[in-house]
Amino acid sequence: MSEAGCGNCHAIPGIPGAAGTIGPDLTTIGTQASTRRPNMDAATYIRESIVDPNSFIAPECPGGACPPGVMLQTFAQTLNPTELDTIVGYLAVLGTPDAIPLALSAVSAPLDISRTAETLTIPAVPTDGEQPDDAQIALGRYLFFDERLSGNNSLSCSSCHQPDRSFTDGRQLSLGFPSTAYFRNTPTLLNAARSDRLYRDGRMDGDDLPTLVRDHIAEAHFMSADGRLMVERINQVPRYVDLFVEVYGGEPSYGRVLNSIAAYVRELNSGESPYDLYLAGDKGAMSEDAIAGLELFEGAAGCSSCHSGPMLSDDSFANTGVGTDPAMLDDSERAATFRRFMRTLGMPNYRNLDTDVGLYALTFDDADWGSFRVPGLREVDSTDPYMHDGSLATLAEVVSFYNDGGGSGQTAGLPALGLNATEQEQLVAFLQALGSDLPEVEAPQLPPYGINALGAG
């Protein structure tokens with residue numbers, strides 16, 4: 001419910017920061033809902049109110065009668081079935097004896113600072129530089145999952161970089177701050193510390209992960225948090241304060257938050273893949289089709305001309321001629337986000353843009369129009385969809401795209417590869433062999449706010 005932004009408008013017990021004063025107070029909605037519409041139980045009414053909010057207007061909002069259209073109409077599209085079921089189940093018991101009890105005290109167990117599975121992966125390519133200690137990584141991990149770092153307690157880093165989706169979100173175009181539709185596909189965080197440049201347009205140095213974290217926390221179209229408010233929230237969590245003192249010798253600060261999350265992200269690495277094992281001499285690690293695909297990758301298909309090196313990217317920039325779907329900007333919120341972003345980068349004609357210009361927004365060099373950073377291919381099989389705008393859903397579509405020279409309307413001059421159907425399948429088999437056995441990641445139990453007696457502390 002925090003991720004969906006319900007607390008922006010509603011007061012909801014048990015949801016951190018949910019103290020909205022626009023929509024009805026939901027403290028006892030589990031008992032009220034069954035009385036709203038004839039022959040409709042609480043769960044059915046709540047579900048209808050979420051997916052079709054104008055079918056019945058609740059009688060009372062904090063400011064008086066609820067007006068039509070007060071609730072967003074898009075939750076049927078933005079919530080998946082599991083998320084919808086979870087929200088309905090939680091709300092349907094509020095105000096009943098089955099309601100989930102609230103934690104109203106600061107008493108909680110000390111935070112666990114042991115390394116978890118995703119930070120223990122032995123990287124296929126050894127890392128360089130000083131390694132953060134376990135406590136700093138653990139602190140960063142807690143903060144990575146904590147929605148209190150966003151402006152309205154609704155988003156965490158893990159909202160878009162979801163561990164069970166290889167630290168992507170699986171959407172064609174990502175969703176930012178509640179009601180903000182973003183215009184690029186969310187890249188994986190796996191191996192992010194191994195890139196020379198960060199972001200799809202390469203606007204940040206790869207060695208500056210803390211600044212990347214800051215951008216996502218502070219920028220309006222991501223988590224939209226004021227750094228001072230965020231630090232104050234963290235200071236109200238006694239266990240966080242304890243861990244900051246242990247790690248840094250002092251209280252929470254903006255810089256220490258950024259460094260902690262960056263330390264966690266640095267440890268998100270790929271392990272050995274069948275491809276790595278094959279190169280190390282285990283000739284049975286890849287299938288015959290994958291081996292044939294490797295030969296095509298390095299030969300007739302020419303993939304290795306850009307996808308080279310340990311991460312299978314040369315960190316260059318390329319224009320693949322992917323044409324942005326004009327319908328992308330039919331969404332007024334997405335269009336506003338897109339143009340605000342381009343204005344921030346200094347684009348002189350940002351009001352008239354209808355395509356994502358890529359590297360050009362940084363260099364203003366005509367040759368860079370539509371160029372994006374060549375992504376690494378490790379874990380590529382589990383980080384769909386593909387391209388900067390998520391326009392290709394499967395690896396088979398990616399291979400077909402390049403095989404056809406980019407298809408109709410191609411502007412980048414890509415040559416057709418001329419691979420037959422079997423060769424295309426072999427190339428896909430090789431790409432699938434670039435994935436490692438990623439560990440399951442369980443979100444941590446976040447520490448509660450402290451509620452002190454008046455005058456104490």
# chains A, B, ... in the order shown; residues from 1 in each chain; ligands from 1
>>> residues_around(residues="segment 108-114 of chain A", least_positions_apart="5", cutoff="7 Å", atoms="only C-alpha atoms", output="list in words")
Asp134, Ala135, Ala138, Arg239 and Pro447 of chain A
>>> residues_around(residues="Phe177 of chain A", least_positions_apart="2", cutoff="7 Å", atoms="only C-alpha atoms", output="PyMOL selection string")
chain A and resi 175+179-180+221-224
>>> write_last_selection(atoms="C-alpha atoms", output="PDB file, in the first residue's frame")
ATOM      1  CA  LEU A 175       6.909   4.151 -12.721  1.00  0.00           C
ATOM      2  CA  SER A 179       1.343   9.400 -10.447  1.00  0.00           C
ATOM      3  CA  THR A 180       4.578   9.951 -12.384  1.00  0.00           C
ATOM      4  CA  HIS A 221      10.256  11.926 -10.859  1.00  0.00           C
ATOM      5  CA  PHE A 222      11.904   9.260  -8.692  1.00  0.00           C
ATOM      6  CA  MET A 223      11.493   9.313  -4.876  1.00  0.00           C
ATOM      7  CA  SER A 224      11.057  13.080  -4.486  1.00  0.00           C
TER       8      SER A 224
END
>>> closest_atom_pairs(of="segment 174-257 of chain A", to="segment 382-400 of chain A", cutoff="12 Å", atoms="only C-alpha atoms", output="Markdown table")
| residue | atom | partner | partner_atom | distance |
| --- | --- | --- | --- | --- |
| A:Ser174 | CA | A:Gly390 | CA | 9.2 |
| A:Tyr182 | CA | A:Asp389 | CA | 9.9 |
| A:Phe183 | CA | A:Asp389 | CA | 6.8 |
| A:Arg184 | CA | A:Asp389 | CA | 4.8 |
| A:Asn185 | CA | A:Asp389 | CA | 5.1 |
| A:Thr186 | CA | A:His388 | CA | 8.3 |
| A:Pro187 | CA | A:Thr383 | CA | 7.7 |
| A:Thr188 | CA | A:Thr383 | CA | 6.7 |
| A:Leu189 | CA | A:Thr383 | CA | 10.1 |
| A:Leu190 | CA | A:Thr383 | CA | 9.9 |
| A:Tyr199 | CA | A:His388 | CA | 9.9 |
| A:Arg200 | CA | A:His388 | CA | 6.7 |
| A:Asp201 | CA | A:His388 | CA | 9.1 |
| A:Gly202 | CA | A:His388 | CA | 11.9 |
>>> atom_distance(atom1="atom CA of Ala318 of chain A", atom2="atom CA of Gly370 of chain A")
7.9 Å
>>> residues_around(residues="Leu155 of chain A", least_positions_apart="2", cutoff="10 Å", atoms="only C-alpha atoms", output="PDB file with C-alpha atoms, in the first residue's frame")
ATOM      1  CA  MET A   1       0.000   0.000   0.000  1.00  0.00           C
ATOM      2  CA  SER A   2       2.903   2.321   0.631  1.00  0.00           C
ATOM      3  CA  GLU A   3       4.330   1.577  -2.826  1.00  0.00           C
ATOM      4  CA  ALA A   4       0.972   2.226  -4.479  1.00  0.00           C
ATOM      5  CA  GLY A   5       0.805   5.640  -2.815  1.00  0.00           C
ATOM      6  CA  PHE A 145      14.135  -1.445   1.183  1.00  0.00           C
ATOM      7  CA  ASP A 146      12.859   1.431   3.351  1.00  0.00           C
ATOM      8  CA  GLU A 147      10.014   3.547   1.939  1.00  0.00           C
ATOM      9  CA  ARG A 148      10.680   6.249   4.513  1.00  0.00           C
ATOM     10  CA  LEU A 149      13.392   7.531   2.181  1.00  0.00           C
ATOM     11  CA  SER A 150      10.800   8.798  -0.314  1.00  0.00           C
ATOM     12  CA  GLY A 151       8.862  12.023  -0.087  1.00  0.00           C
ATOM     13  CA  ASN A 152       5.580  10.475   0.969  1.00  0.00           C
ATOM     14  CA  ASN A 153       6.679   7.123   2.403  1.00  0.00           C
ATOM     15  CA  CYS A 157      14.872   1.730  -4.056  1.00  0.00           C
ATOM     16  CA  SER A 158      13.474  -1.811  -4.194  1.00  0.00           C
ATOM     17  CA  SER A 159      10.154  -0.581  -5.614  1.00  0.00           C
ATOM     18  CA  CYS A 160      11.732  -0.308  -9.071  1.00  0.00           C
ATOM     19  CA  GLY A 176       8.412   6.905 -10.604  1.00  0.00           C
ATOM     20  CA  PHE A 177       6.978   8.985  -7.794  1.00  0.00           C
ATOM     21  CA  PRO A 178       3.264   8.192  -7.395  1.00  0.00           C
ATOM     22  CA  ILE A 217      16.119   9.901  -3.692  1.00  0.00           C
ATOM     23  CA  PHE A 222      11.904   9.260  -8.692  1.00  0.00           C
ATOM     24  CA  MET A 223      11.493   9.313  -4.876  1.00  0.00           C
ATOM     25  CA  SER A 224      11.057  13.080  -4.486  1.00  0.00           C
TER      26      SER A 224
END
>>> atom_distance(atom1="atom CA of Leu414 of chain A", atom2="atom CA of Pro375 of chain A")
17.5 Å
>>> atom_distance(atom1="atom CA of Pro59 of chain A", atom2="atom CA of Ala92 of chain A")
18.0 Å
>>> residues_around(residues="Asn54 of chain A", least_positions_apart="4", cutoff="8 Å", atoms="only C-alpha atoms", output="ChimeraX atom specification")
/A:49,68-69
>>> closest_residue(among="A:Asp226, A:Glu219, A:Asp205, A:Glu440", to="Gln162 of chain A", atoms="only C-alpha atoms")
A:Glu440
>>> residues_around(residues="Ala367 of chain A", least_positions_apart="4", cutoff="12 Å", atoms="only C-alpha atoms", output="ChimeraX atom specification")
/A:317-319,357-363,371-372,412
>>> write_last_selection(atoms="N, CA and C atoms", output="tab-separated table (two decimals), in the first residue's frame")
chain	number	residue	atom	x	y	z
A	317	PHE	N	28.60	4.09	-26.75
A	317	PHE	CA	27.23	4.51	-26.98
A	317	PHE	C	26.86	4.19	-28.42
A	318	ALA	N	25.63	3.76	-28.62
A	318	ALA	CA	25.21	3.36	-29.97
A	318	ALA	C	23.77	3.79	-30.22
A	319	ASN	N	23.52	4.17	-31.46
A	319	ASN	CA	22.16	4.46	-31.91
A	319	ASN	C	21.67	3.24	-32.66
A	357	VAL	N	16.08	11.51	-26.74
A	357	VAL	CA	17.25	11.86	-27.57
A	357	VAL	C	18.54	11.23	-27.09
A	358	GLY	N	18.55	10.62	-25.90
A	358	GLY	CA	19.72	9.91	-25.43
A	358	GLY	C	20.90	10.80	-25.13
A	359	LEU	N	22.07	10.40	-25.61
A	359	LEU	CA	23.32	11.09	-25.29
A	359	LEU	C	23.34	12.53	-25.80
A	360	TYR	N	22.55	12.84	-26.82
A	360	TYR	CA	22.53	14.19	-27.37
A	360	TYR	C	22.19	15.22	-26.30
A	361	ALA	N	21.35	14.86	-25.34
A	361	ALA	CA	20.95	15.80	-24.30
A	361	ALA	C	22.13	16.21	-23.43
A	362	LEU	N	23.22	15.44	-23.48
A	362	LEU	CA	24.41	15.77	-22.69
A	362	LEU	C	25.45	16.49	-23.53
A	363	THR	N	25.58	16.10	-24.80
A	363	THR	CA	26.67	16.63	-25.63
A	363	THR	C	26.22	17.69	-26.63
A	371	SER	N	21.57	8.05	-29.24
A	371	SER	CA	22.56	7.06	-28.80
A	371	SER	C	22.40	6.77	-27.31
A	372	PHE	N	22.50	5.49	-26.97
A	372	PHE	CA	22.39	5.07	-25.58
A	372	PHE	C	23.55	4.14	-25.24
A	412	ALA	N	19.41	4.14	-38.18
A	412	ALA	CA	20.79	4.04	-37.72
A	412	ALA	C	21.70	3.31	-38.69
>>> residues_around(residues="Leu94 of chain A", least_positions_apart="3", cutoff="7 Å", atoms="only C-alpha atoms", output="mmCIF file with N, CA and C atoms, in the first residue's frame")
data_model
loop_
_atom_site.group_PDB
_atom_site.id
_atom_site.type_symbol
_atom_site.label_atom_id
_atom_site.label_comp_id
_atom_site.auth_asym_id
_atom_site.auth_seq_id
_atom_site.Cartn_x
_atom_site.Cartn_y
_atom_site.Cartn_z
ATOM 1 N N THR A 27 -9.450 3.875 8.610
ATOM 2 C CA THR A 27 -9.163 3.193 9.877
ATOM 3 C C THR A 27 -10.149 2.071 10.156
ATOM 4 N N THR A 28 -11.423 2.253 9.823
ATOM 5 C CA THR A 28 -12.433 1.221 10.089
ATOM 6 C C THR A 28 -13.137 0.789 8.803
ATOM 7 N N ILE A 29 -12.450 0.862 7.674
ATOM 8 C CA ILE A 29 -13.099 0.549 6.401
ATOM 9 C C ILE A 29 -13.587 -0.892 6.350
ATOM 10 N N GLY A 30 -12.960 -1.804 7.101
ATOM 11 C CA GLY A 30 -13.395 -3.205 7.104
ATOM 12 C C GLY A 30 -14.807 -3.383 7.616
ATOM 13 N N TYR A 90 -5.800 -6.557 3.327
ATOM 14 C CA TYR A 90 -5.419 -5.735 4.478
ATOM 15 C C TYR A 90 -6.560 -4.802 4.877
ATOM 16 N N LEU A 91 -7.125 -4.111 3.899
ATOM 17 C CA LEU A 91 -8.170 -3.132 4.200
ATOM 18 C C LEU A 91 -9.450 -3.790 4.712
ATOM 19 N N ALA A 99 -8.119 -7.278 12.610
ATOM 20 C CA ALA A 99 -7.178 -6.270 12.143
ATOM 21 C C ALA A 99 -5.771 -6.577 12.634
#
>>> select_by_dssp(residues="segment 24-186 of chain A", states="alpha helix (DSSP H)", output="VMD selection string")
chain A and resid 29 to 32 42 to 51 75 to 78 81 to 91 134 to 144 157 to 160
>>> closest_residue(among="A:Pro38, A:Glu60, A:Gln136, A:Gln410", to="Val245 of chain A", atoms="only C-alpha atoms")
A:Gln136
>>> select_by_dssp(residues="segment 14-189 of chain A", states="strand (DSSP E or B)", output="number ranges by chain")
A: 19, 61, 64, 162, 168, 175, 181
>>> write_last_selection(atoms="C-alpha atoms", output="short mmCIF file (atom, residue, chain, number, x, y, z; two decimals), in the first residue's frame")
data_model
loop_
_atom_site.label_atom_id
_atom_site.label_comp_id
_atom_site.auth_asym_id
_atom_site.auth_seq_id
_atom_site.Cartn_x
_atom_site.Cartn_y
_atom_site.Cartn_z
CA ALA A 19 -1.90 10.27 7.06
CA CYS A 61 -14.02 12.77 2.84
CA GLY A 64 -16.83 17.14 3.27
CA GLN A 162 13.06 -5.50 -7.37
CA THR A 168 14.62 -4.50 -12.39
CA LEU A 175 6.91 4.15 -12.72
CA ALA A 181 5.00 7.80 -15.49
#
>>> closest_residue(among="A:Thr320, A:Gln73, A:Thr21, A:Gln236", to="Gly413 of chain A", atoms="only C-alpha atoms")
A:Thr320
>>> closest_residue(among="A:Leu84, A:Ile12, A:Val441, A:Leu143", to="Phe167 of chain A", atoms="only C-alpha atoms")
A:Val441
>>> closest_residue(among="A:Gly309, A:Gly249, A:Pro97, A:Pro210", to="Ile261 of chain A", atoms="only C-alpha atoms")
A:Pro210
